[in-house]
Amino acid sequence: MKAQAVQPPQIPRRLPAEVVRELVAQLELVGVSVTGETFHQQETKDLLFEQVVFRRSDFSQTKIERVRATDCRFETCDLSAVNWEKARFKRVALVDCRLLGAQLPGAQMEHLTLHGCNAESAVLVEAVLRQARFERCNLRQALLEGTDLSGVVFAQCDLSGASLLGAKMVGTDLRGSNISGLRIRAGDLRGTIVDPQQAVQIAGLLGLVVRDVEEDLPGKDEYPEQVE
């Protein structure tokens with residue numbers, strides 16, 4: 001599967017500012033910008049964000065069931081240790097955000113972009129990502145087990161120690177990313193795009209020994225040439 005272009009959020013250039021102190025159930029935010037708000041540890045459900053820009057806002061340790069975000073942008077926001085179950089994102093961009101230990105189980109995300117985000121130890125299991133791109137992101141020790149990553153691009157990301165066991169990776173592009181210690185099965189790699197250096201790393205992860213054809217080749221010393 002060839003990676004398709006990721007569509008950016010469709011957001012008007014100018015948005016009125018909105019003051020939001022609390023994430024109450026069934027809150028709807030449409031066509032506004034939210035800056036510098038703190039929602040730390042708040043719990044709620046059924047939120048709708050459409051054409052919203054969040055800047056420098058603190059969502060850390062929030063617990064939200066069923067958040068839907070369409071044409072939204074998160075800039076320098078803190079989403080560390082969030083628990084957003086059954087999230088639905090479409091044309092969403094996260095830029096320079098913290099997602100340390102973020103949990104997004106069962107998420108469905110389409111046209112998603114993460115740039116410069118720290119998502120170390122994030123949990124994105126049994127999720128579905130369509131037309132997604134990760135650029136210069138820290139995904140060390142992240143759990144992406146059972147996630148559909150078909151066609152997803154990881155550009156210059158750190159995936160060291162991440163677990164992709166059971167992930168669907170047809171057309172997933174890992175070129176240029178750090179995959180040291182990646183946890184994955186051979187069958188999961190069918191159709192994955194890697195660079196030559198990564199191919200050698202993956203062979204090592206799978207227990208293969210890669211050697212040059214001439215290295216340790218028995219023949220010249222063990223079987224001397226016969227003289228007629």
# chains A, B, ... in the order shown; residues from 1 in each chain; ligands from 1
call {"tool": "residues_around", "arguments": {"residues": "Cys77 (chain A)", "least_positions_apart": "6", "cutoff": "8 Å", "atoms": "only C-alpha atoms", "output": "PDB file with all heavy atoms, in the first residue's frame"}}
result
ATOM      1  N   PHE A  54      -5.992  24.684  19.655  1.00  0.00           N
ATOM      2  CA  PHE A  54      -5.588  24.734  21.059  1.00  0.00           C
ATOM      3  C   PHE A  54      -4.110  25.105  21.110  1.00  0.00           C
ATOM      4  O   PHE A  54      -3.278  24.451  20.472  1.00  0.00           O
ATOM      5  CB  PHE A  54      -5.797  23.377  21.732  1.00  0.00           C
ATOM      6  CG  PHE A  54      -7.229  22.956  21.886  1.00  0.00           C
ATOM      7  CD1 PHE A  54      -7.817  22.099  20.964  1.00  0.00           C
ATOM      8  CD2 PHE A  54      -8.002  23.413  22.949  1.00  0.00           C
ATOM      9  CE1 PHE A  54      -9.136  21.695  21.098  1.00  0.00           C
ATOM     10  CE2 PHE A  54      -9.328  23.023  23.099  1.00  0.00           C
ATOM     11  CZ  PHE A  54      -9.896  22.164  22.169  1.00  0.00           C
ATOM     12  N   ARG A  55      -3.772  26.127  21.901  1.00  0.00           N
ATOM     13  CA  ARG A  55      -2.374  26.529  22.058  1.00  0.00           C
ATOM     14  C   ARG A  55      -2.001  26.532  23.541  1.00  0.00           C
ATOM     15  O   ARG A  55      -2.732  27.080  24.361  1.00  0.00           O
ATOM     16  CB  ARG A  55      -2.135  27.921  21.471  1.00  0.00           C
ATOM     17  CG  ARG A  55      -2.356  28.032  19.965  1.00  0.00           C
ATOM     18  CD  ARG A  55      -1.950  29.414  19.448  1.00  0.00           C
ATOM     19  NE  ARG A  55      -2.119  29.533  18.005  1.00  0.00           N
ATOM     20  CZ  ARG A  55      -3.209  30.004  17.409  1.00  0.00           C
ATOM     21  NH1 ARG A  55      -4.237  30.417  18.153  1.00  0.00           N
ATOM     22  NH2 ARG A  55      -3.278  30.082  16.097  1.00  0.00           N
ATOM     23  N   ARG A  56      -0.871  25.903  23.849  1.00  0.00           N
ATOM     24  CA  ARG A  56      -0.310  25.913  25.203  1.00  0.00           C
ATOM     25  C   ARG A  56      -1.359  25.550  26.264  1.00  0.00           C
ATOM     26  O   ARG A  56      -1.411  26.154  27.334  1.00  0.00           O
ATOM     27  CB  ARG A  56       0.325  27.270  25.514  1.00  0.00           C
ATOM     28  CG  ARG A  56       1.440  27.655  24.551  1.00  0.00           C
ATOM     29  CD  ARG A  56       2.132  28.947  24.977  1.00  0.00           C
ATOM     30  NE  ARG A  56       1.204  30.070  25.103  1.00  0.00           N
ATOM     31  CZ  ARG A  56       0.745  30.788  24.088  1.00  0.00           C
ATOM     32  NH1 ARG A  56       1.128  30.508  22.853  1.00  0.00           N
ATOM     33  NH2 ARG A  56      -0.088  31.788  24.293  1.00  0.00           N
ATOM     34  N   SER A  57      -2.187  24.595  25.949  1.00  0.00           N
ATOM     35  CA  SER A  57      -3.227  24.164  26.889  1.00  0.00           C
ATOM     36  C   SER A  57      -2.839  22.843  27.535  1.00  0.00           C
ATOM     37  O   SER A  57      -2.182  21.997  26.914  1.00  0.00           O
ATOM     38  CB  SER A  57      -4.576  24.031  26.167  1.00  0.00           C
ATOM     39  OG  SER A  57      -5.021  25.308  25.719  1.00  0.00           O
ATOM     40  N   ASP A  58      -3.247  22.670  28.781  1.00  0.00           N
ATOM     41  CA  ASP A  58      -2.847  21.510  29.583  1.00  0.00           C
ATOM     42  C   ASP A  58      -4.007  20.524  29.706  1.00  0.00           C
ATOM     43  O   ASP A  58      -4.966  20.768  30.428  1.00  0.00           O
ATOM     44  CB  ASP A  58      -2.387  21.982  30.970  1.00  0.00           C
ATOM     45  CG  ASP A  58      -1.884  20.844  31.835  1.00  0.00           C
ATOM     46  OD1 ASP A  58      -1.850  19.686  31.373  1.00  0.00           O
ATOM     47  OD2 ASP A  58      -1.514  21.117  32.999  1.00  0.00           O
ATOM     48  N   PHE A  59      -3.888  19.411  28.984  1.00  0.00           N
ATOM     49  CA  PHE A  59      -4.879  18.330  29.068  1.00  0.00           C
ATOM     50  C   PHE A  59      -4.345  17.146  29.878  1.00  0.00           C
ATOM     51  O   PHE A  59      -4.959  16.087  29.894  1.00  0.00           O
ATOM     52  CB  PHE A  59      -5.226  17.816  27.668  1.00  0.00           C
ATOM     53  CG  PHE A  59      -5.990  18.777  26.805  1.00  0.00           C
ATOM     54  CD1 PHE A  59      -5.320  19.683  25.994  1.00  0.00           C
ATOM     55  CD2 PHE A  59      -7.368  18.767  26.785  1.00  0.00           C
ATOM     56  CE1 PHE A  59      -6.014  20.565  25.174  1.00  0.00           C
ATOM     57  CE2 PHE A  59      -8.079  19.642  25.975  1.00  0.00           C
ATOM     58  CZ  PHE A  59      -7.400  20.544  25.167  1.00  0.00           C
ATOM     59  N   ASP A  96       4.633  19.874  18.353  1.00  0.00           N
ATOM     60  CA  ASP A  96       5.443  20.134  19.557  1.00  0.00           C
ATOM     61  C   ASP A  96       4.652  19.889  20.840  1.00  0.00           C
ATOM     62  O   ASP A  96       4.742  20.661  21.802  1.00  0.00           O
ATOM     63  CB  ASP A  96       5.976  21.577  19.538  1.00  0.00           C
ATOM     64  CG  ASP A  96       6.909  21.830  18.365  1.00  0.00           C
ATOM     65  OD1 ASP A  96       7.601  20.878  17.940  1.00  0.00           O
ATOM     66  OD2 ASP A  96       6.931  22.963  17.855  1.00  0.00           O
ATOM     67  N   CYS A  97       3.882  18.820  20.854  1.00  0.00           N
ATOM     68  CA  CYS A  97       3.070  18.491  22.033  1.00  0.00           C
ATOM     69  C   CYS A  97       3.728  17.386  22.860  1.00  0.00           C
ATOM     70  O   CYS A  97       4.537  16.605  22.359  1.00  0.00           O
ATOM     71  CB  CYS A  97       1.671  18.033  21.608  1.00  0.00           C
ATOM     72  SG  CYS A  97       0.663  19.336  20.852  1.00  0.00           S
ATOM     73  N   ARG A  98       3.347  17.332  24.138  1.00  0.00           N
ATOM     74  CA  ARG A  98       3.792  16.264  25.036  1.00  0.00           C
ATOM     75  C   ARG A  98       2.682  15.233  25.155  1.00  0.00           C
ATOM     76  O   ARG A  98       1.560  15.571  25.537  1.00  0.00           O
ATOM     77  CB  ARG A  98       4.128  16.830  26.426  1.00  0.00           C
ATOM     78  CG  ARG A  98       5.398  17.660  26.464  1.00  0.00           C
ATOM     79  CD  ARG A  98       5.503  18.429  27.774  1.00  0.00           C
ATOM     80  NE  ARG A  98       5.349  17.563  28.941  1.00  0.00           N
ATOM     81  CZ  ARG A  98       6.352  16.925  29.546  1.00  0.00           C
ATOM     82  NH1 ARG A  98       7.586  17.070  29.080  1.00  0.00           N
ATOM     83  NH2 ARG A  98       6.134  16.172  30.613  1.00  0.00           N
TER      84      ARG A  98
END
call {"tool": "select_by_dssp", "arguments": {"residues": "region 67-226 of chain A", "states": "strand (DSSP E)", "output": "count of residues only"}}
result
39
call {"tool": "closest_atom_pairs", "arguments": {"of": "region 79-181 of chain A", "to": "region 185-204 of chain A", "cutoff": "6 Å", "atoms": "only C-alpha atoms", "output": "Markdown table"}}
result
| residue | atom | partner | partner_atom | distance |
| --- | --- | --- | --- | --- |
| A:Met169 | CA | A:Thr192 | CA | 5.6 |
| A:Val170 | CA | A:Gly191 | CA | 4.4 |
| A:Gly171 | CA | A:Thr192 | CA | 5.2 |
| A:Thr172 | CA | A:Thr192 | CA | 5.0 |
| A:Asp173 | CA | A:Ile193 | CA | 4.7 |
| A:Leu174 | CA | A:Val194 | CA | 5.4 |
| A:Arg175 | CA | A:Val194 | CA | 4.9 |
call {"tool": "closest_residue", "arguments": {"among": "A:Ala5, A:Ala25, A:Ala162, A:Ala167", "to": "Ser150 (chain A)", "atoms": "only C-alpha atoms"}}
result
A:Ala167
call {"tool": "atom_distance", "arguments": {"atom1": "CA of Glu43 (chain A)", "atom2": "CA of Lys63 (chain A)"}}
result
4.6 Å
call {"tool": "residues_around", "arguments": {"residues": "Glu65 (chain A)", "least_positions_apart": "6", "cutoff": "9 Å", "atoms": "only C-alpha atoms", "output": "PDB file with N, CA, C and O atoms, in the first residue's frame"}}
result
ATOM      1  N   GLU A  43     -12.348  14.848  34.199  1.00  0.00           N
ATOM      2  CA  GLU A  43     -12.960  13.655  33.621  1.00  0.00           C
ATOM      3  C   GLU A  43     -14.311  14.026  33.006  1.00  0.00           C
ATOM      4  O   GLU A  43     -15.112  14.740  33.624  1.00  0.00           O
ATOM      5  N   THR A  44     -14.561  13.536  31.805  1.00  0.00           N
ATOM      6  CA  THR A  44     -15.822  13.833  31.140  1.00  0.00           C
ATOM      7  C   THR A  44     -16.013  12.871  29.974  1.00  0.00           C
ATOM      8  O   THR A  44     -15.252  11.918  29.794  1.00  0.00           O
ATOM      9  N   LYS A  45     -17.032  13.118  29.158  1.00  0.00           N
ATOM     10  CA  LYS A  45     -17.291  12.250  28.002  1.00  0.00           C
ATOM     11  C   LYS A  45     -18.045  13.024  26.929  1.00  0.00           C
ATOM     12  O   LYS A  45     -18.623  14.088  27.176  1.00  0.00           O
ATOM     13  N   ASP A  46     -18.005  12.459  25.727  1.00  0.00           N
ATOM     14  CA  ASP A  46     -18.776  12.969  24.593  1.00  0.00           C
ATOM     15  C   ASP A  46     -18.473  14.435  24.284  1.00  0.00           C
ATOM     16  O   ASP A  46     -19.344  15.310  24.360  1.00  0.00           O
ATOM     17  N   LEU A  47     -17.217  14.705  23.902  1.00  0.00           N
ATOM     18  CA  LEU A  47     -16.814  16.057  23.513  1.00  0.00           C
ATOM     19  C   LEU A  47     -16.717  16.152  21.995  1.00  0.00           C
ATOM     20  O   LEU A  47     -16.352  15.195  21.318  1.00  0.00           O
ATOM     21  N   ASN A  83      -6.118   9.761  29.122  1.00  0.00           N
ATOM     22  CA  ASN A  83      -6.805   8.506  28.821  1.00  0.00           C
ATOM     23  C   ASN A  83      -8.038   8.872  28.012  1.00  0.00           C
ATOM     24  O   ASN A  83      -9.082   9.190  28.577  1.00  0.00           O
ATOM     25  N   TRP A  84      -7.873   8.855  26.693  1.00  0.00           N
ATOM     26  CA  TRP A  84      -8.956   9.225  25.792  1.00  0.00           C
ATOM     27  C   TRP A  84      -9.406   7.971  25.054  1.00  0.00           C
ATOM     28  O   TRP A  84      -8.861   7.610  24.014  1.00  0.00           O
ATOM     29  N   GLU A  85     -10.386   7.316  25.600  1.00  0.00           N
ATOM     30  CA  GLU A  85     -10.869   6.059  25.025  1.00  0.00           C
ATOM     31  C   GLU A  85     -11.832   6.326  23.877  1.00  0.00           C
ATOM     32  O   GLU A  85     -12.674   7.203  23.944  1.00  0.00           O
ATOM     33  N   LYS A  86     -11.647   5.558  22.804  1.00  0.00           N
ATOM     34  CA  LYS A  86     -12.521   5.632  21.623  1.00  0.00           C
ATOM     35  C   LYS A  86     -12.500   7.023  20.989  1.00  0.00           C
ATOM     36  O   LYS A  86     -13.531   7.527  20.532  1.00  0.00           O
ATOM     37  N   ALA A  87     -11.336   7.637  20.930  1.00  0.00           N
ATOM     38  CA  ALA A  87     -11.209   8.951  20.300  1.00  0.00           C
ATOM     39  C   ALA A  87     -11.385   8.817  18.784  1.00  0.00           C
ATOM     40  O   ALA A  87     -11.010   7.812  18.178  1.00  0.00           O
TER      41      ALA A  87
END
call {"tool": "residues_around", "arguments": {"residues": "Gln41 (chain A)", "least_positions_apart": "5", "cutoff": "7 Å", "atoms": "only C-alpha atoms", "output": "VMD selection string"}}
result
chain A and resid 60 to 63
call {"tool": "write_last_selection", "arguments": {"atoms": "N, CA, C and O atoms", "output": "PDB file, in the first residue's frame"}}
result
ATOM      1  N   SER A  60      -3.224  17.306  30.540  1.00  0.00           N
ATOM      2  CA  SER A  60      -2.550  16.177  31.182  1.00  0.00           C
ATOM      3  C   SER A  60      -3.449  15.456  32.182  1.00  0.00           C
ATOM      4  O   SER A  60      -4.192  16.072  32.941  1.00  0.00           O
ATOM      5  N   GLN A  61      -3.382  14.126  32.124  1.00  0.00           N
ATOM      6  CA  GLN A  61      -4.117  13.234  33.025  1.00  0.00           C
ATOM      7  C   GLN A  61      -5.640  13.393  32.932  1.00  0.00           C
ATOM      8  O   GLN A  61      -6.368  13.000  33.846  1.00  0.00           O
ATOM      9  N   THR A  62      -6.122  13.978  31.846  1.00  0.00           N
ATOM     10  CA  THR A  62      -7.567  14.023  31.658  1.00  0.00           C
ATOM     11  C   THR A  62      -8.073  12.645  31.237  1.00  0.00           C
ATOM     12  O   THR A  62      -7.360  11.868  30.602  1.00  0.00           O
ATOM     13  N   LYS A  63      -9.292  12.349  31.597  1.00  0.00           N
ATOM     14  CA  LYS A  63      -9.930  11.096  31.217  1.00  0.00           C
ATOM     15  C   LYS A  63     -11.203  11.439  30.457  1.00  0.00           C
ATOM     16  O   LYS A  63     -12.157  11.966  31.024  1.00  0.00           O
TER      17      LYS A  63
END
call {"tool": "residues_around", "arguments": {"residues": "Asp158 (chain A)", "least_positions_apart": "2", "cutoff": "10 Å", "atoms": "only C-alpha atoms", "output": "PDB file with C-alpha atoms, in the first residue's frame"}}
result
ATOM      1  CA  ASN A 118       7.225  13.560  22.645  1.00  0.00           C
ATOM      2  CA  ALA A 119       5.044  10.444  22.826  1.00  0.00           C
ATOM      3  CA  GLU A 120       7.405   8.218  24.791  1.00  0.00           C
ATOM      4  CA  GLU A 135       7.670  13.553  11.852  1.00  0.00           C
ATOM      5  CA  ARG A 136      10.606  13.869  14.265  1.00  0.00           C
ATOM      6  CA  CYS A 137       8.613  12.313  17.098  1.00  0.00           C
ATOM      7  CA  ASN A 138       9.870  10.467  20.165  1.00  0.00           C
ATOM      8  CA  LEU A 139       8.003   7.151  20.288  1.00  0.00           C
ATOM      9  CA  ARG A 140      10.435   5.260  22.502  1.00  0.00           C
ATOM     10  CA  GLN A 141       8.790   2.331  24.327  1.00  0.00           C
ATOM     11  CA  ALA A 142       5.428   3.175  22.747  1.00  0.00           C
ATOM     12  CA  PHE A 154       7.355   7.535  10.396  1.00  0.00           C
ATOM     13  CA  ALA A 155       9.865  10.167   9.265  1.00  0.00           C
ATOM     14  CA  GLN A 156      12.994  10.572  11.421  1.00  0.00           C
ATOM     15  CA  SER A 160      13.520   2.326  19.847  1.00  0.00           C
ATOM     16  CA  GLY A 161      12.022  -0.264  22.153  1.00  0.00           C
ATOM     17  CA  ALA A 162       8.522   0.293  20.769  1.00  0.00           C
ATOM     18  CA  GLY A 176      15.141   7.115   8.433  1.00  0.00           C
ATOM     19  CA  SER A 177      13.749   6.246  11.868  1.00  0.00           C
ATOM     20  CA  ASN A 178      15.497   4.611  14.815  1.00  0.00           C
ATOM     21  CA  ILE A 179      14.155   1.064  15.213  1.00  0.00           C
ATOM     22  CA  SER A 180      16.711  -0.273  17.705  1.00  0.00           C
TER      23      SER A 180
END
call {"tool": "closest_residue", "arguments": {"among": "A:Gln10, A:Thr38, A:Ser121, A:Gln103", "to": "Ala69 (chain A)", "atoms": "only C-alpha atoms"}}
result
A:Gln10
call {"tool": "closest_residue", "arguments": {"among": "A:Asp148, A:Glu18, A:Asp71, A:Glu50", "to": "Lys168 (chain A)", "atoms": "only C-alpha atoms"}}
result
A:Asp148
call {"tool": "select_by_dssp", "arguments": {"residues": "region 2-208 of chain A", "states": "alpha helix (DSSP H)", "output": "PyMOL selection string"}}
result
chain A and resi 196-205
call {"tool": "write_last_selection", "arguments": {"atoms": "N, CA and C atoms", "output": "short mmCIF file (atom, residue, chain, number, x, y, z; two decimals), in the first residue's frame"}}
result
data_model
loop_
_atom_site.label_atom_id
_atom_site.label_comp_id
_atom_site.auth_asym_id
_atom_site.auth_seq_id
_atom_site.Cartn_x
_atom_site.Cartn_y
_atom_site.Cartn_z
N PRO A 196 18.08 0.15 3.64
CA PRO A 196 19.01 -0.98 3.75
C PRO A 196 19.57 -1.19 5.15
N GLN A 197 19.92 -0.12 5.84
CA GLN A 197 20.46 -0.26 7.20
C GLN A 197 19.42 -0.87 8.13
N GLN A 198 18.18 -0.45 8.00
CA GLN A 198 17.12 -1.01 8.83
C GLN A 198 16.89 -2.49 8.52
N ALA A 199 17.07 -2.87 7.27
CA ALA A 199 16.88 -4.26 6.90
C ALA A 199 17.84 -5.16 7.68
N VAL A 200 19.07 -4.68 7.84
CA VAL A 200 20.05 -5.44 8.62
C VAL A 200 19.64 -5.47 10.08
N GLN A 201 19.16 -4.33 10.61
CA GLN A 201 18.71 -4.29 12.00
C GLN A 201 17.55 -5.25 12.24
N ILE A 202 16.61 -5.26 11.32
CA ILE A 202 15.45 -6.13 11.46
C ILE A 202 15.85 -7.59 11.42
N ALA A 203 16.80 -7.90 10.55
CA ALA A 203 17.29 -9.27 10.51
C ALA A 203 17.84 -9.68 11.87
N GLY A 204 18.56 -8.77 12.52
CA GLY A 204 19.09 -9.05 13.85
C GLY A 204 17.99 -9.21 14.88
N LEU A 205 16.94 -8.37 14.76
CA LEU A 205 15.82 -8.47 15.70
C LEU A 205 15.12 -9.81 15.58
#
call {"tool": "atom_distance", "arguments": {"atom1": "CA of His40 (chain A)", "atom2": "CA of Leu143 (chain A)"}}
result
23.4 Å
call {"tool": "atom_distance", "arguments": {"atom1": "CA of Thr147 (chain A)", "atom2": "CA of Leu27 (chain A)"}}
result
28.6 Å
call {"tool": "closest_residue", "arguments": {"among": "A:Val152, A:Ala17, A:Val123, A:Ala93", "to": "Arg73 (chain A)", "atoms": "only C-alpha atoms"}}
result
A:Ala93
